[in-house]
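Student: Sharing a structure here in structure tokens format.
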Amino acid sequence: MSATATNTVDPSEIAKFEAIAAEWWDLNGKFKPLHMMNPVRLDYITRQIGAEFGLDLNSAEPFKGLRILDIGCGGGLLCEPMARLGATIVGADAAERNIPVAQVHAEQSGLQIDYRHTTAEAMAEAGEQFDVVLNMEVVEHVADPQGYLTACQQLLKPGGLHICSTINRNPKSFAMAIVGAEWVMRWLPKGTHEWAKFITPDELFKLLETAGMTPVDRKGFVFNFARFTWSISDRDLSVNYVTTAIKPPTSIKSA
């Protein structure tokens with residue numbers, strides 16, 4: 001099935017992020033939670049890519065030669081460190097206002113990053129291919145998670161790596177991600193997340209498998225309120241979590 005057979009973009013979700021696009025690089029703004037989480041996200045991402053492609057992470061540009069897509073790139077919080085690690089990086093976002101914010105910051109940082117206002121489906125239809133697709137905190141905002149992940153799979157080269165993070169669906173995630181982050185701490189505007197759209201780890205693994213990928217790892221991102229820091233957990237996937245999947249060298253899904 002072609003990735004363009006379904007439109008996974010949810011206009012109401014895009015509007016939420018367009019409204020706060022200018023705040024992407026404000027460390028104390030609406031994206032403060034992502035800035036706080038970014039070190040553990042980067043640690044997980046770099047380790048997974050390094051292990052899959054046999055790279056020396058201590059070298060100057062370990063990702064040189066890799067083509068990486070950050071789908072739902074926002075203001076470029078992940079694109080910029082990937083570029084510094086030597087990757088050829090494309091940042092794509094369906095929220096148009098995010099792109100100029102990301103472009104300006106990359107220019108100010110002296111980085112060459114290909115930012116595009118587009119969707120996963122459009123890129124898959126155009127035949128784009130990547131060694132790695134980063135899909136972080138996006139799948140809970142799309143209208144059709146299965147169609148969206150199918151498009152992500154089609155964007156991968158055979159043997160490529162897909163890293164996807166999202167939020168679990170349970171009473172604790174409602175308390176932490178919505179009541180805590182939006183209502184109490186006011187890190188995000190109320191209504192940024194919809195609990196019903198959250199996806200459990202088992203559900204996500206099934207979606208990835210149906211899309212034609214092989215899940216190989218999952219970890220939790222855990223926030224410690226006492227220390228006000230994030231960490232990676234092998235066991236606690238109760239709220240934020242991340243998965244790694246591989247597109248088989250000979251995939252049953254057509255690109």
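Each chain of the structure tokens is named A, B, ... in the order shown, its residues numbered from 1; ligands are numbered from 1 in display order.
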Can you tell me which residues surround region 240-244 of chain A at a distance of at most 7 Å, considering only C-alpha atoms, apart from same-chain residues fewer than 6 positions away, and format the answer as a VMD selection string?
Tutor: chain A and resid 162 to 168 215 to 222
Student: Excluding Gly72 (chain A) and any residue of its chain fewer than 4 positions from it, enumerate the residues within 7 Å of it, using only C-alpha atoms, and give them as a VMD selection string.
Tutor: chain A and resid 92 to 94 135 138
Student: Please identify the alpha helix (DSSP H) residues within region 38-241 of chain A (assignment by DSSP from backbone atoms) and present them as number ranges by chain.
Tutor: A: 38-53, 79-84, 98-108, 120-125, 145-154, 171-173, 201-210
Student: If you run DSSP on this backbone, which residues of region 90-199 of chain A come out as strand (DSSP E or B), and could you give them as an mmCIF file with N, CA and C atoms, in the first residue's frame?
Tutor:
```cif
data_model
loop_
_atom_site.group_PDB
_atom_site.id
_atom_site.type_symbol
_atom_site.label_atom_id
_atom_site.label_comp_id
_atom_site.auth_asym_id
_atom_site.auth_seq_id
_atom_site.Cartn_x
_atom_site.Cartn_y
_atom_site.Cartn_z
ATOM 1 N N VAL A 90 18.275 15.800 7.274
ATOM 2 C CA VAL A 90 17.081 16.459 6.759
ATOM 3 C C VAL A 90 16.092 16.583 7.915
ATOM 4 N N GLY A 91 15.603 17.791 8.138
ATOM 5 C CA GLY A 91 14.587 18.020 9.154
ATOM 6 C C GLY A 91 13.275 18.371 8.484
ATOM 7 N N ALA A 92 12.238 17.584 8.730
ATOM 8 C CA ALA A 92 10.940 17.798 8.088
ATOM 9 C C ALA A 92 9.863 18.012 9.134
ATOM 10 N N ASP A 93 8.957 18.935 8.852
ATOM 11 C CA ASP A 93 7.868 19.197 9.792
ATOM 12 C C ASP A 93 6.635 19.658 9.023
ATOM 13 N N ASP A 114 19.176 20.573 5.963
ATOM 14 C CA ASP A 114 18.132 20.667 4.949
ATOM 15 C C ASP A 114 16.771 20.602 5.646
ATOM 16 N N TYR A 115 16.185 21.763 5.904
ATOM 17 C CA TYR A 115 14.873 21.812 6.553
ATOM 18 C C TYR A 115 13.776 21.934 5.503
ATOM 19 N N ARG A 116 12.687 21.189 5.712
ATOM 20 C CA ARG A 116 11.604 21.178 4.737
ATOM 21 C C ARG A 116 10.234 21.192 5.423
ATOM 22 N N HIS A 117 9.326 21.973 4.861
ATOM 23 C CA HIS A 117 7.926 21.920 5.289
ATOM 24 C C HIS A 117 7.241 20.859 4.446
ATOM 25 N N PHE A 130 16.635 6.981 3.631
ATOM 26 C CA PHE A 130 17.534 7.387 4.703
ATOM 27 C C PHE A 130 18.092 6.164 5.424
ATOM 28 N N ASP A 131 19.276 6.341 5.999
ATOM 29 C CA ASP A 131 19.854 5.293 6.837
ATOM 30 C C ASP A 131 19.149 5.225 8.183
ATOM 31 N N VAL A 132 18.725 6.394 8.683
ATOM 32 C CA VAL A 132 18.086 6.486 10.000
ATOM 33 C C VAL A 132 16.901 7.439 9.907
ATOM 34 N N VAL A 133 15.787 7.059 10.527
ATOM 35 C CA VAL A 133 14.656 7.964 10.696
ATOM 36 C C VAL A 133 14.437 8.172 12.191
ATOM 37 N N LEU A 134 14.548 9.426 12.619
ATOM 38 C CA LEU A 134 14.244 9.804 13.999
ATOM 39 C C LEU A 134 12.802 10.289 14.041
ATOM 40 N N ASN A 135 12.023 9.698 14.923
ATOM 41 C CA ASN A 135 10.580 9.926 14.962
ATOM 42 C C ASN A 135 10.197 10.140 16.430
ATOM 43 N N MET A 136 10.547 11.334 16.936
ATOM 44 C CA MET A 136 10.514 11.556 18.378
ATOM 45 C C MET A 136 9.336 12.443 18.798
ATOM 46 N N LEU A 156 12.967 4.427 4.931
ATOM 47 C CA LEU A 156 14.213 3.783 5.336
ATOM 48 C C LEU A 156 14.811 2.955 4.207
ATOM 49 N N LYS A 157 16.126 3.009 4.104
ATOM 50 C CA LYS A 157 16.827 2.063 3.257
ATOM 51 C C LYS A 157 16.694 0.676 3.882
ATOM 52 N N PRO A 158 16.770 -0.390 3.099
ATOM 53 C CA PRO A 158 16.807 -1.726 3.695
ATOM 54 C C PRO A 158 17.936 -1.818 4.723
ATOM 55 N N GLY A 159 17.623 -2.332 5.895
ATOM 56 C CA GLY A 159 18.595 -2.388 6.971
ATOM 57 C C GLY A 159 18.687 -1.107 7.770
ATOM 58 N N GLY A 160 17.836 -0.125 7.451
ATOM 59 C CA GLY A 160 17.868 1.158 8.142
ATOM 60 C C GLY A 160 17.260 1.101 9.531
ATOM 61 N N LEU A 161 17.520 2.153 10.300
ATOM 62 C CA LEU A 161 17.166 2.206 11.716
ATOM 63 C C LEU A 161 16.069 3.236 11.944
ATOM 64 N N HIS A 162 15.051 2.855 12.702
ATOM 65 C CA HIS A 162 13.938 3.742 13.052
ATOM 66 C C HIS A 162 13.895 3.875 14.568
ATOM 67 N N ILE A 163 14.020 5.115 15.059
ATOM 68 C CA ILE A 163 13.973 5.375 16.502
ATOM 69 C C ILE A 163 12.754 6.240 16.783
ATOM 70 N N CYS A 164 11.877 5.738 17.632
ATOM 71 C CA CYS A 164 10.580 6.389 17.872
ATOM 72 C C CYS A 164 10.312 6.484 19.365
ATOM 73 N N SER A 165 10.034 7.700 19.826
ATOM 74 C CA SER A 165 9.649 7.882 21.233
ATOM 75 C C SER A 165 8.236 8.445 21.308
ATOM 76 N N THR A 166 7.548 8.125 22.386
ATOM 77 C CA THR A 166 6.179 8.604 22.573
ATOM 78 C C THR A 166 5.818 8.483 24.053
ATOM 79 N N ILE A 167 4.518 8.500 24.364
ATOM 80 C CA ILE A 167 4.057 8.466 25.749
ATOM 81 C C ILE A 167 3.110 7.294 25.939
#
```
Student: Return the single residue from A:Gly76, A:Leu55, A:Phe225, A:Ser12 that is closest to Ile99 (chain A), with distances computed using only C-alpha atoms.
Tutor: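 Going through A:Gly76, A:Leu55, A:Phe225, A:Ser12 one by one, the smallest distance to Ile99 (chain A) is for A:Gly76.
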Student: Report the distance between CA of Glu125 (chain A) and CA of Cys152 (chain A) in Å, rounded to one decimal place.
Tutor: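 Computing it gives 11.1 Å between the two atoms.
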Student: Give me, as a PDB file with C-alpha atoms, in the first residue's frame, all polymer residues having an atom no more than 8 Å from His141 (chain A), counting only C-alpha atoms and skipping those fewer than 3 positions away in the same chain.
Tutor:
```
ATOM      1  CA  ASP A  10      -4.007  16.154  12.027  1.00  0.00           C
ATOM      2  CA  GLU A  13      -2.322  19.124  16.204  1.00  0.00           C
ATOM      3  CA  GLU A 137       7.329  12.614  20.182  1.00  0.00           C
ATOM      4  CA  VAL A 138       5.314  12.712  16.946  1.00  0.00           C
ATOM      5  CA  HIS A 193      -1.524  16.209  24.544  1.00  0.00           C
ATOM      6  CA  LYS A 197      -3.886   9.276  21.596  1.00  0.00           C
TER       7      LYS A 197
END
```
Student: Which value, in Å to one decimal, gives the distance between CA of Met213 (chain A) and CA of Ile246 (chain A)?
Tutor: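 CA of Ile246 (chain A) lies 5.5 Å from CA of Met213 (chain A).
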